[in-house]
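Okay, upload_37.cif is below, mmCIF, C-alpha atoms:
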```cif
data_work
loop_
_atom_site.group_PDB
_atom_site.id
_atom_site.type_symbol
_atom_site.label_atom_id
_atom_site.label_comp_id
_atom_site.auth_asym_id
_atom_site.auth_seq_id
_atom_site.Cartn_x
_atom_site.Cartn_y
_atom_site.Cartn_z
ATOM 1 C CA ARG A 1 4.758 -133.037 -68.618
ATOM 2 C CA LEU A 2 8.277 -133.447 -69.775
ATOM 3 C CA ALA A 3 7.327 -131.771 -72.956
ATOM 4 C CA LEU A 4 5.887 -128.858 -71.076
ATOM 5 C CA GLU A 5 8.960 -128.562 -68.943
ATOM 6 C CA GLU A 6 11.112 -128.691 -72.038
ATOM 7 C CA ARG A 7 9.033 -126.008 -73.688
ATOM 8 C CA SER A 8 9.070 -123.938 -70.505
ATOM 9 C CA ARG A 9 12.842 -124.269 -70.335
ATOM 10 C CA LYS A 10 13.180 -123.235 -73.947
ATOM 11 C CA VAL A 11 10.890 -120.291 -73.338
ATOM 12 C CA GLU A 12 12.989 -119.234 -70.396
ATOM 13 C CA VAL A 13 16.117 -119.566 -72.488
ATOM 14 C CA ARG A 14 14.491 -117.470 -75.213
ATOM 15 C CA GLU A 15 13.395 -114.909 -72.694
ATOM 16 C CA LYS A 16 16.940 -114.733 -71.360
ATOM 17 C CA GLU A 17 18.290 -114.356 -74.844
ATOM 18 C CA VAL A 18 15.762 -111.638 -75.551
ATOM 19 C CA LEU A 19 16.614 -109.913 -72.308
ATOM 20 C CA ASP A 20 20.299 -110.211 -73.080
ATOM 21 C CA ARG A 21 19.712 -108.813 -76.533
ATOM 22 C CA LEU A 22 17.628 -106.034 -75.003
ATOM 23 C CA ASP A 23 20.461 -105.314 -72.618
ATOM 24 C CA GLU A 24 22.778 -105.171 -75.597
ATOM 25 C CA LEU A 25 20.373 -103.037 -77.642
ATOM 26 C CA GLU A 26 19.729 -100.439 -74.951
ATOM 27 C CA PRO A 27 23.253 -98.938 -75.090
ATOM 28 C CA ARG A 28 23.195 -99.143 -78.871
ATOM 29 C CA GLU A 29 19.784 -97.497 -78.897
ATOM 30 C CA SER A 30 21.109 -94.791 -76.609
ATOM 31 C CA ILE A 31 24.065 -94.313 -78.907
ATOM 32 C CA VAL A 32 21.751 -94.177 -81.908
ATOM 33 C CA TRP A 33 19.539 -91.674 -80.098
ATOM 34 C CA ASP A 34 22.533 -89.535 -79.269
ATOM 35 C CA LYS A 35 23.681 -89.766 -82.871
ATOM 36 C CA GLU A 36 20.199 -88.855 -84.084
ATOM 37 C CA GLN A 37 20.183 -85.824 -81.794
ATOM 38 C CA SER A 38 23.654 -84.879 -82.947
ATOM 39 C CA LEU A 39 22.628 -85.356 -86.563
ATOM 40 C CA ARG A 40 19.514 -83.252 -86.033
ATOM 41 C CA ALA A 41 21.645 -80.538 -84.423
ATOM 42 C CA LEU A 42 24.091 -80.784 -87.327
ATOM 43 C CA GLU A 43 21.200 -80.675 -89.789
ATOM 44 C CA LYS A 44 19.823 -77.597 -88.054
ATOM 45 C CA ASP A 45 23.265 -76.021 -88.051
ATOM 46 C CA LEU A 46 23.700 -76.902 -91.721
ATOM 47 C CA ARG A 47 20.333 -75.382 -92.570
ATOM 48 C CA SER A 48 21.299 -72.226 -90.671
ATOM 49 C CA GLN A 49 24.646 -72.172 -92.465
ATOM 50 C CA GLU A 50 22.868 -72.808 -95.748
ATOM 51 C CA LYS A 51 20.579 -69.852 -95.093
ATOM 52 C CA GLU A 52 23.582 -67.718 -94.198
ATOM 53 C CA ILE A 53 25.380 -68.875 -97.329
ATOM 54 C CA LEU A 54 22.277 -68.122 -99.400
ATOM 55 C CA ALA A 55 21.977 -64.680 -97.809
ATOM 56 C CA SER A 56 25.698 -64.109 -98.338
ATOM 57 C CA SER A 57 25.331 -65.215 -101.944
ATOM 58 C CA GLU A 58 22.443 -62.799 -102.462
ATOM 59 C CA GLU A 59 24.491 -60.046 -100.791
ATOM 60 C CA LEU A 60 27.432 -60.888 -103.051
ATOM 61 C CA ASP A 61 25.144 -60.779 -106.098
ATOM 62 C CA ARG A 62 23.770 -57.435 -104.970
ATOM 63 C CA ARG A 63 27.264 -56.070 -104.341
ATOM 64 C CA GLU A 64 28.426 -57.394 -107.691
ATOM 65 C CA GLU A 65 25.497 -55.676 -109.416
ATOM 66 C CA ASN A 66 26.307 -52.495 -107.496
ATOM 67 C CA ILE A 67 29.966 -52.751 -108.546
ATOM 68 C CA ILE A 68 28.951 -53.301 -112.180
ATOM 69 C CA ARG A 69 26.600 -50.321 -112.003
ATOM 70 C CA ARG A 70 29.303 -48.137 -110.450
ATOM 71 C CA GLU A 71 31.783 -49.296 -113.091
ATOM 72 C CA GLU A 72 29.297 -48.242 -115.782
ATOM 73 C CA GLU A 73 28.814 -44.900 -114.026
ATOM 74 C CA LEU A 74 32.588 -44.426 -113.815
ATOM 75 C CA THR A 75 32.877 -45.242 -117.511
ATOM 76 C CA ASN A 76 30.184 -42.685 -118.326
ATOM 77 C CA ILE A 77 31.864 -40.130 -116.073
ATOM 78 C CA SER A 78 35.213 -40.780 -117.747
ATOM 79 C CA GLU A 79 33.629 -40.262 -121.163
ATOM 80 C CA ARG A 80 31.951 -37.064 -119.974
ATOM 81 C CA ILE A 81 35.236 -35.843 -118.475
ATOM 82 C CA ALA A 82 36.943 -36.457 -121.806
ATOM 83 C CA GLN A 83 34.179 -34.505 -123.564
ATOM 84 C CA TYR A 84 34.486 -31.693 -121.009
ATOM 85 C CA GLU A 85 38.239 -31.582 -121.507
ATOM 86 C CA CYS A 86 37.722 -31.241 -125.269
ATOM 87 C CA ARG A 87 35.157 -28.494 -124.705
ATOM 88 C CA ILE A 88 37.457 -26.750 -122.210
ATOM 89 C CA GLN A 89 40.248 -26.864 -124.787
ATOM 90 C CA GLU A 90 37.945 -25.373 -127.418
ATOM 91 C CA ILE A 91 36.717 -22.724 -124.983
ATOM 92 C CA SER A 92 40.304 -21.887 -124.005
ATOM 93 C CA GLU A 93 41.204 -21.381 -127.654
ATOM 94 C CA ARG A 94 38.109 -19.247 -128.169
ATOM 95 C CA LEU A 95 38.949 -17.252 -125.034
ATOM 96 C CA GLY A 96 42.435 -16.649 -126.398
ATOM 97 C CA VAL A 97 40.968 -15.277 -129.615
ATOM 98 C CA ALA A 98 38.451 -13.251 -127.589
ATOM 99 C CA ASP A 99 41.274 -11.833 -125.450
ATOM 100 C CA GLU A 100 43.122 -10.715 -128.563
ATOM 101 C CA LYS A 101 39.943 -9.108 -129.877
ATOM 102 C CA ALA A 102 39.345 -7.503 -126.469
ATOM 103 C CA VAL A 103 42.848 -6.012 -126.480
ATOM 104 C CA ALA A 104 42.317 -4.671 -129.995
ATOM 105 C CA GLU A 105 38.899 -3.323 -128.990
ATOM 106 C CA GLU A 106 40.419 -1.742 -125.875
ATOM 107 C CA ASN A 107 43.035 0.018 -128.000
ATOM 108 C CA ARG A 108 40.325 1.181 -130.394
ATOM 109 C CA LEU A 109 38.191 2.432 -127.507
ATOM 110 C CA ARG A 110 41.192 4.210 -125.981
ATOM 111 C CA LYS A 111 41.766 6.027 -129.258
ATOM 112 C CA LEU A 112 38.050 6.725 -129.475
ATOM 113 C CA VAL A 113 38.120 8.165 -125.955
ATOM 114 C CA GLU A 114 41.029 10.396 -126.915
ATOM 115 C CA VAL A 115 39.185 11.568 -130.031
ATOM 116 C CA THR A 116 36.030 12.043 -127.955
ATOM 117 C CA ALA A 117 37.962 14.120 -125.426
ATOM 118 C CA GLU A 118 39.304 16.303 -128.232
ATOM 119 C CA LEU A 119 35.808 16.626 -129.699
ATOM 120 C CA ARG A 120 34.434 17.436 -126.256
ATOM 121 C CA GLU A 121 37.012 20.157 -125.792
ATOM 122 C CA SER A 122 36.176 21.519 -129.236
ATOM 123 C CA LEU A 123 32.462 21.351 -128.427
ATOM 124 C CA LEU A 124 33.048 23.176 -125.147
ATOM 125 C CA ILE A 125 34.830 25.936 -127.041
ATOM 126 C CA LYS A 126 31.971 26.072 -129.556
ATOM 127 C CA GLU A 127 29.439 25.984 -126.737
ATOM 128 C CA LYS A 128 31.188 28.909 -125.064
ATOM 129 C CA ALA A 129 31.160 30.789 -128.376
ATOM 130 C CA LEU A 130 27.456 29.961 -128.820
ATOM 131 C CA VAL A 131 26.717 31.214 -125.311
ATOM 132 C CA GLU A 132 28.496 34.470 -126.099
ATOM 133 C CA LEU A 133 26.622 34.643 -129.408
ATOM 134 C CA GLU A 134 23.308 34.030 -127.629
ATOM 135 C CA GLU A 135 24.168 36.799 -125.189
ATOM 136 C CA LEU A 136 24.909 39.124 -128.114
ATOM 137 C CA LEU A 137 21.668 38.084 -129.829
ATOM 138 C CA ALA A 138 19.728 38.638 -126.614
ATOM 139 C CA GLU A 139 21.323 42.067 -126.286
ATOM 140 C CA GLY A 140 20.463 42.760 -129.937
ATOM 141 C CA ARG A 141 16.858 41.699 -129.383
ATOM 142 C CA ARG A 142 16.686 43.910 -126.317
ATOM 143 C CA ILE A 143 18.005 46.887 -128.304
ATOM 144 C CA ILE A 144 15.578 46.156 -131.155
ATOM 145 C CA ILE A 145 12.668 45.979 -128.708
ATOM 146 C CA GLU A 146 13.724 49.284 -127.158
ATOM 147 C CA GLU A 147 14.031 50.869 -130.625
ATOM 148 C CA GLN A 148 10.621 49.449 -131.544
ATOM 149 C CA LYS A 149 9.158 50.987 -128.398
ATOM 150 C CA ARG A 150 10.809 54.324 -129.225
ATOM 151 C CA PHE A 151 9.517 54.060 -132.790
ATOM 152 C CA LEU A 152 5.986 53.304 -131.584
ATOM 153 C CA LYS A 153 6.123 56.253 -129.212
ATOM 154 C CA TRP A 154 7.399 58.486 -132.023
ATOM 155 C CA GLU A 155 4.706 57.146 -134.385
ATOM 156 C CA LYS A 156 2.077 57.846 -131.745
ATOM 157 C CA ARG A 157 3.320 61.414 -131.243
ATOM 158 C CA LEU A 158 3.430 61.866 -135.002
ATOM 159 C CA SER A 159 -0.172 60.710 -135.331
ATOM 160 C CA GLU A 160 -1.217 63.066 -132.560
ATOM 161 C CA ARG A 161 0.542 66.000 -134.250
ATOM 162 C CA GLU A 162 -0.958 65.110 -137.610
ATOM 163 C CA GLU A 163 -4.382 65.161 -136.026
ATOM 164 C CA ALA A 164 -3.581 68.495 -134.384
ATOM 165 C CA LEU A 165 -2.341 69.918 -137.691
ATOM 166 C CA ASN A 166 -5.394 68.676 -139.523
ATOM 167 C CA GLN A 167 -7.543 70.325 -136.929
ATOM 168 C CA LYS A 168 -5.616 73.583 -137.270
ATOM 169 C CA GLU A 169 -5.865 73.419 -141.060
ATOM 170 C CA ASN A 170 -9.587 73.070 -140.776
ATOM 171 C CA GLU A 171 -9.698 76.040 -138.447
ATOM 172 C CA ALA A 172 -7.306 78.345 -140.457
ATOM 173 C CA PRO A 173 -6.989 77.283 -144.098
ATOM 174 C CA LEU A 174 -5.198 80.507 -145.172
ATOM 175 C CA ASP A 175 -2.115 79.871 -143.016
ATOM 176 C CA GLY A 176 -1.829 76.233 -144.046
ATOM 177 C CA SER A 177 1.343 76.470 -146.131
ATOM 178 C CA ALA A 178 3.402 78.045 -143.362
ATOM 179 C CA GLU A 179 2.182 75.549 -140.772
ATOM 180 C CA LYS A 180 2.936 72.645 -143.113
ATOM 181 C CA ASP A 181 6.513 73.820 -143.467
ATOM 182 C CA GLU A 182 6.814 74.123 -139.695
ATOM 183 C CA SER A 183 5.306 70.661 -139.128
ATOM 184 C CA ARG A 184 7.693 69.107 -141.630
ATOM 185 C CA SER A 185 10.705 70.601 -139.933
ATOM 186 C CA ALA A 186 9.365 69.453 -136.539
ATOM 187 C CA GLU A 187 8.751 65.906 -137.789
ATOM 188 C CA GLU A 188 12.191 65.670 -139.325
ATOM 189 C CA SER A 189 13.753 66.847 -136.093
ATOM 190 C CA GLU A 190 11.859 64.226 -134.022
ATOM 191 C CA VAL A 191 12.359 61.145 -136.278
ATOM 192 C CA PRO A 192 14.409 58.618 -134.229
ATOM 193 C CA ILE A 193 17.872 57.916 -135.637
ATOM 194 C CA PHE A 194 19.102 54.293 -135.193
ATOM 195 C CA ARG A 195 22.821 54.302 -134.568
ATOM 196 C CA TYR A 196 25.208 51.407 -133.945
ATOM 197 C CA SER A 197 26.357 53.111 -130.759
ATOM 198 C CA ASP A 198 22.779 52.904 -129.403
ATOM 199 C CA ARG A 199 22.652 49.114 -130.009
ATOM 200 C CA THR A 200 25.915 48.408 -128.288
ATOM 201 C CA ALA A 201 25.255 50.784 -125.366
#
```
Rewrite the structure of this file - the entire thing - as structure tokens.
Amino acid sequence: RLALEERSRKVEVREKEVLDRLDELEPRESIVWDKEQSLRALEKDLRSQEKEILASSEELDRREENIIRREEELTNISERIAQYECRIQEISERLGVADEKAVAEENRLRKLVEVTAELRESLLIKEKALVELEELLAEGRRIIIEEQKRFLKWEKRLSEREEALNQKENEAPLDGSAEKDESRSAEESEVPIFRYSDRTA
């Protein structure tokens, strides 16, 4: 019985010690829990910051690549500008030569225009003379046509008289010599005479 009491007392003492230790552990456990929660919050915050840092790093890499690309573009543009400047210089020199040629060509064309004006004036004078000559030729043709008409009329009358004379000769052969002389004198009197005054009338 004494042994049981002793064991019971020891158990009670142990229980008290355990309870005391539990009382001591509860605040520590609460502190540990709080620390765990704080650490979890910090870990979450760190992960978020890590993601932000990673995103910022990727953005920086992208911006750096963009800057490098733009630097290359600027280098290419600078080279092209230098080439354009060289070409502009060459073109300016060529334009200077072309301007000199244009001035010389303008002077030549001015002289050519002057010569052309003189030739035109000369041609107008010649044209006027040709017009007058054509008018004279037309007048000459008109006079010739009129003379041809007069000649045809005379030739027709002559043929008619020859026929009449032939008929008379057949009718009176004894008086033929006298009539021939008369017909000759009549023909000679009716032959048209072409005079210069008739052409210019």
Next on the checklist: I'd like the interatomic distance between atom CA of A:Asp23 and atom CA of A:Glu5, to a tenth of an Å.
Outcome noted: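 Those two atoms sit 26.2 Å apart.
Of note, atom CA of A:Thr75 and atom CA of A:Arg62 are spaced 19.7 Å apart.
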Next on the checklist: Just to confirm, what's the straight-line distance from atom CA of A:Asn107 to atom CA of A:Glu90 in Å (one decimal)?
Outcome noted: 25.9 Å
